[in-house]
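Worksheet: one structure, shown below.
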Amino acid sequence: MGYNIKSELKLSIKSVPESQKDIIVQLMQFYLYDFTAYLRIDVTEKGTFPAYPDLYQYWTSGEQKLPFLIWRQDIPVGFALVDRMSSNREADYYMAEFFVLRPYRYNGVGTWAAHELFGRFNGRWKVTQMSTNRPAQSFWRKVIGSYTNGEYREQTHPVRGNISQFFNT
């Protein structure tokens, strides 16, 4: 019997009702802080990072934008923002944002959460990383590669240089 990260750490991933959106707003501060390694993001005069653009749409767009929290027992340890790409020729779903708090990285939490989301939404997926974010590129290649048994394609944006993986679930 193999190691089961979900039962060992008591993980779950749940859709976020509007009444819990402030949890994502708070976790977004850590996410944006992590991004300062790759982008210039200054804090506001209040010492916080600016609000994530159009985050409210995840609760007002019907089923087009899907917010999720990753939980360890009753503690939120990350989030995912998934977009349904209804008019996009290249994908049905787009992993807009994905974040796991540092203490929960490198032990399978992110892999488990990503695989869980891929399994919930059958179709064509797109996941993109910034050209300078090598750790994210490595993570997603490993996660998508293990989920698809290496059956995915990768593309580099001709202008921005960002890396995207495309695959089917």
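Going through the structure tokens in order, the chains are called A, B, and so on, while each chain numbers its residues from 1 and the ligands are numbered from 1 in the order shown.
Contact shell of Arg124 in chain A at 8 Å (only C-alpha atoms; same-chain neighbours under 4 positions omitted): Glu90, Ala91, Asp92, Tyr93, Phe166, Phe167, Asn168 and Thr169 of chain A.
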All heavy atoms of the current selection, written as a PDB file, in the first residue's frame:
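Full text of result-v9.pdb as output:
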ATOM      1  N   GLU A  90      -8.075  26.952 -28.116  1.00  0.00           N
ATOM      2  CA  GLU A  90      -6.940  26.143 -27.665  1.00  0.00           C
ATOM      3  C   GLU A  90      -7.185  25.386 -26.367  1.00  0.00           C
ATOM      4  O   GLU A  90      -6.451  24.448 -26.071  1.00  0.00           O
ATOM      5  CB  GLU A  90      -5.675  26.995 -27.543  1.00  0.00           C
ATOM      6  CG  GLU A  90      -5.756  28.100 -26.532  1.00  0.00           C
ATOM      7  CD  GLU A  90      -4.526  28.996 -26.542  1.00  0.00           C
ATOM      8  OE1 GLU A  90      -3.675  28.864 -27.431  1.00  0.00           O
ATOM      9  OE2 GLU A  90      -4.421  29.821 -25.636  1.00  0.00           O
ATOM     10  N   ALA A  91      -8.204  25.769 -25.585  1.00  0.00           N
ATOM     11  CA  ALA A  91      -8.431  25.091 -24.306  1.00  0.00           C
ATOM     12  C   ALA A  91      -9.859  25.303 -23.827  1.00  0.00           C
ATOM     13  O   ALA A  91     -10.502  26.300 -24.160  1.00  0.00           O
ATOM     14  CB  ALA A  91      -7.449  25.599 -23.255  1.00  0.00           C
ATOM     15  N   ASP A  92     -10.336  24.359 -23.025  1.00  0.00           N
ATOM     16  CA  ASP A  92     -11.628  24.488 -22.354  1.00  0.00           C
ATOM     17  C   ASP A  92     -11.451  25.087 -20.962  1.00  0.00           C
ATOM     18  O   ASP A  92     -12.336  25.766 -20.457  1.00  0.00           O
ATOM     19  CB  ASP A  92     -12.299  23.117 -22.214  1.00  0.00           C
ATOM     20  CG  ASP A  92     -12.517  22.443 -23.561  1.00  0.00           C
ATOM     21  OD1 ASP A  92     -13.029  23.115 -24.483  1.00  0.00           O
ATOM     22  OD2 ASP A  92     -12.163  21.253 -23.690  1.00  0.00           O
ATOM     23  N   TYR A  93     -10.287  24.788 -20.350  1.00  0.00           N
ATOM     24  CA  TYR A  93     -10.003  25.246 -18.985  1.00  0.00           C
ATOM     25  C   TYR A  93      -8.610  25.840 -18.940  1.00  0.00           C
ATOM     26  O   TYR A  93      -7.687  25.353 -19.574  1.00  0.00           O
ATOM     27  CB  TYR A  93     -10.088  24.084 -17.985  1.00  0.00           C
ATOM     28  CG  TYR A  93     -11.459  23.470 -17.948  1.00  0.00           C
ATOM     29  CD1 TYR A  93     -11.745  22.327 -18.676  1.00  0.00           C
ATOM     30  CD2 TYR A  93     -12.477  24.065 -17.204  1.00  0.00           C
ATOM     31  CE1 TYR A  93     -13.014  21.778 -18.657  1.00  0.00           C
ATOM     32  CE2 TYR A  93     -13.740  23.515 -17.178  1.00  0.00           C
ATOM     33  CZ  TYR A  93     -14.005  22.374 -17.916  1.00  0.00           C
ATOM     34  OH  TYR A  93     -15.264  21.847 -17.905  1.00  0.00           O
ATOM     35  N   PHE A 166      -0.289  22.298 -22.808  1.00  0.00           N
ATOM     36  CA  PHE A 166      -1.620  21.969 -23.299  1.00  0.00           C
ATOM     37  C   PHE A 166      -1.788  20.463 -23.189  1.00  0.00           C
ATOM     38  O   PHE A 166      -0.909  19.712 -23.601  1.00  0.00           O
ATOM     39  CB  PHE A 166      -1.772  22.402 -24.750  1.00  0.00           C
ATOM     40  CG  PHE A 166      -1.635  23.891 -24.966  1.00  0.00           C
ATOM     41  CD1 PHE A 166      -0.395  24.457 -25.176  1.00  0.00           C
ATOM     42  CD2 PHE A 166      -2.759  24.700 -24.954  1.00  0.00           C
ATOM     43  CE1 PHE A 166      -0.260  25.826 -25.372  1.00  0.00           C
ATOM     44  CE2 PHE A 166      -2.635  26.077 -25.151  1.00  0.00           C
ATOM     45  CZ  PHE A 166      -1.389  26.637 -25.360  1.00  0.00           C
ATOM     46  N   PHE A 167      -2.935  20.034 -22.672  1.00  0.00           N
ATOM     47  CA  PHE A 167      -3.185  18.595 -22.510  1.00  0.00           C
ATOM     48  C   PHE A 167      -4.677  18.363 -22.362  1.00  0.00           C
ATOM     49  O   PHE A 167      -5.460  19.289 -22.145  1.00  0.00           O
ATOM     50  CB  PHE A 167      -2.412  18.045 -21.312  1.00  0.00           C
ATOM     51  CG  PHE A 167      -2.779  18.681 -20.010  1.00  0.00           C
ATOM     52  CD1 PHE A 167      -3.680  18.076 -19.141  1.00  0.00           C
ATOM     53  CD2 PHE A 167      -2.240  19.906 -19.638  1.00  0.00           C
ATOM     54  CE1 PHE A 167      -4.035  18.687 -17.941  1.00  0.00           C
ATOM     55  CE2 PHE A 167      -2.574  20.513 -18.441  1.00  0.00           C
ATOM     56  CZ  PHE A 167      -3.484  19.904 -17.594  1.00  0.00           C
ATOM     57  N   ASN A 168      -5.050  17.098 -22.485  1.00  0.00           N
ATOM     58  CA  ASN A 168      -6.445  16.692 -22.346  1.00  0.00           C
ATOM     59  C   ASN A 168      -6.629  15.827 -21.108  1.00  0.00           C
ATOM     60  O   ASN A 168      -5.747  15.040 -20.754  1.00  0.00           O
ATOM     61  CB  ASN A 168      -6.894  15.906 -23.571  1.00  0.00           C
ATOM     62  CG  ASN A 168      -6.890  16.746 -24.822  1.00  0.00           C
ATOM     63  OD1 ASN A 168      -7.254  17.916 -24.808  1.00  0.00           O
ATOM     64  ND2 ASN A 168      -6.444  16.156 -25.927  1.00  0.00           N
ATOM     65  N   THR A 169      -7.803  16.003 -20.495  1.00  0.00           N
ATOM     66  CA  THR A 169      -8.138  15.135 -19.357  1.00  0.00           C
ATOM     67  C   THR A 169      -9.365  14.308 -19.711  1.00  0.00           C
ATOM     68  O   THR A 169     -10.061  14.596 -20.671  1.00  0.00           O
ATOM     69  CB  THR A 169      -8.456  15.970 -18.102  1.00  0.00           C
ATOM     70  OG1 THR A 169      -9.541  16.856 -18.373  1.00  0.00           O
ATOM     71  CG2 THR A 169      -7.253  16.745 -17.638  1.00  0.00           C
TER      72      THR A 169
END
Just list the residues in range 6-133 of chain A DSSP gives strand (DSSP E or B) on the backbone, as a ChimeraX atom specification.
-> /A:11-15,65-72,75-84,93-100,124-129
What lies within 10 Å of Leu55 in chain A using only C-alpha atoms, ignoring chain neighbours under 2 positions off, as a PDB file with C-alpha atoms, in the first residue's frame?
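Done, and the output landed in part22.pdb:
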ATOM      1  CA  LYS A  21     -13.668  35.064  -0.651  1.00  0.00           C
ATOM      2  CA  ILE A  24      -8.387  34.017  -1.064  1.00  0.00           C
ATOM      3  CA  VAL A  25      -7.886  37.784  -0.755  1.00  0.00           C
ATOM      4  CA  ALA A  51      -5.815  43.839  -5.082  1.00  0.00           C
ATOM      5  CA  TYR A  52      -5.777  41.076  -7.668  1.00  0.00           C
ATOM      6  CA  PRO A  53      -7.443  42.519 -10.793  1.00  0.00           C
ATOM      7  CA  GLN A  57     -15.518  38.022 -11.152  1.00  0.00           C
ATOM      8  CA  TYR A  58     -14.883  34.613  -9.610  1.00  0.00           C
ATOM      9  CA  TRP A  59     -18.163  35.098  -7.735  1.00  0.00           C
ATOM     10  CA  THR A  60     -20.144  37.052 -10.341  1.00  0.00           C
ATOM     11  CA  LYS A  65     -14.598  31.483 -13.307  1.00  0.00           C
ATOM     12  CA  PRO A  67     -12.379  29.666  -7.259  1.00  0.00           C
ATOM     13  CA  LEU A  81      -8.462  29.997  -9.861  1.00  0.00           C
TER      14      LEU A  81
END
Extract the full set of alpha helix (DSSP H) residues from chain A according to DSSP on the backbone, and format it as a count of residues only.
-> 47
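You will find CA of Ile70 in chain A at 9.0 Å from CA of Phe99 in chain A.
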Determine, counting only C-alpha atoms, which protein, DNA and RNA residues have an atom within 7 Å of an atom of Asn162 in chain A; residues of the same chain fewer than 6 positions away are not included. Present the result as number ranges by chain.
-> A: 128-131, 156
For the residues in that selection, give me C-alpha atoms as a PDB file, in the first residue's frame.
ATOM      1  CA  THR A 128       0.982  28.992 -18.259  1.00  0.00           C
ATOM      2  CA  GLN A 129       4.077  30.133 -16.372  1.00  0.00           C
ATOM      3  CA  MET A 130       6.099  33.311 -16.661  1.00  0.00           C
ATOM      4  CA  SER A 131       9.285  32.956 -18.685  1.00  0.00           C
ATOM      5  CA  THR A 156       6.421  29.419 -25.838  1.00  0.00           C
TER       6      THR A 156
END
Any idea what's packed within 12 Å of Phe98 in chain A, counting only C-alpha atoms, ignoring anything in its chain fewer than 6 positions away? Could you give it as a PyMOL selection string?
-> chain A and resi 24+27-28+30-32+34-35+66-70+77-83+109-111+113-114+117+127-129+136+139-140
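Each of A:Tyr56, A:Gly123, A:Ile144, A:Leu101 was compared to Glu18 in chain A using only C-alpha atoms, and A:Tyr56 turns out to be the nearest.
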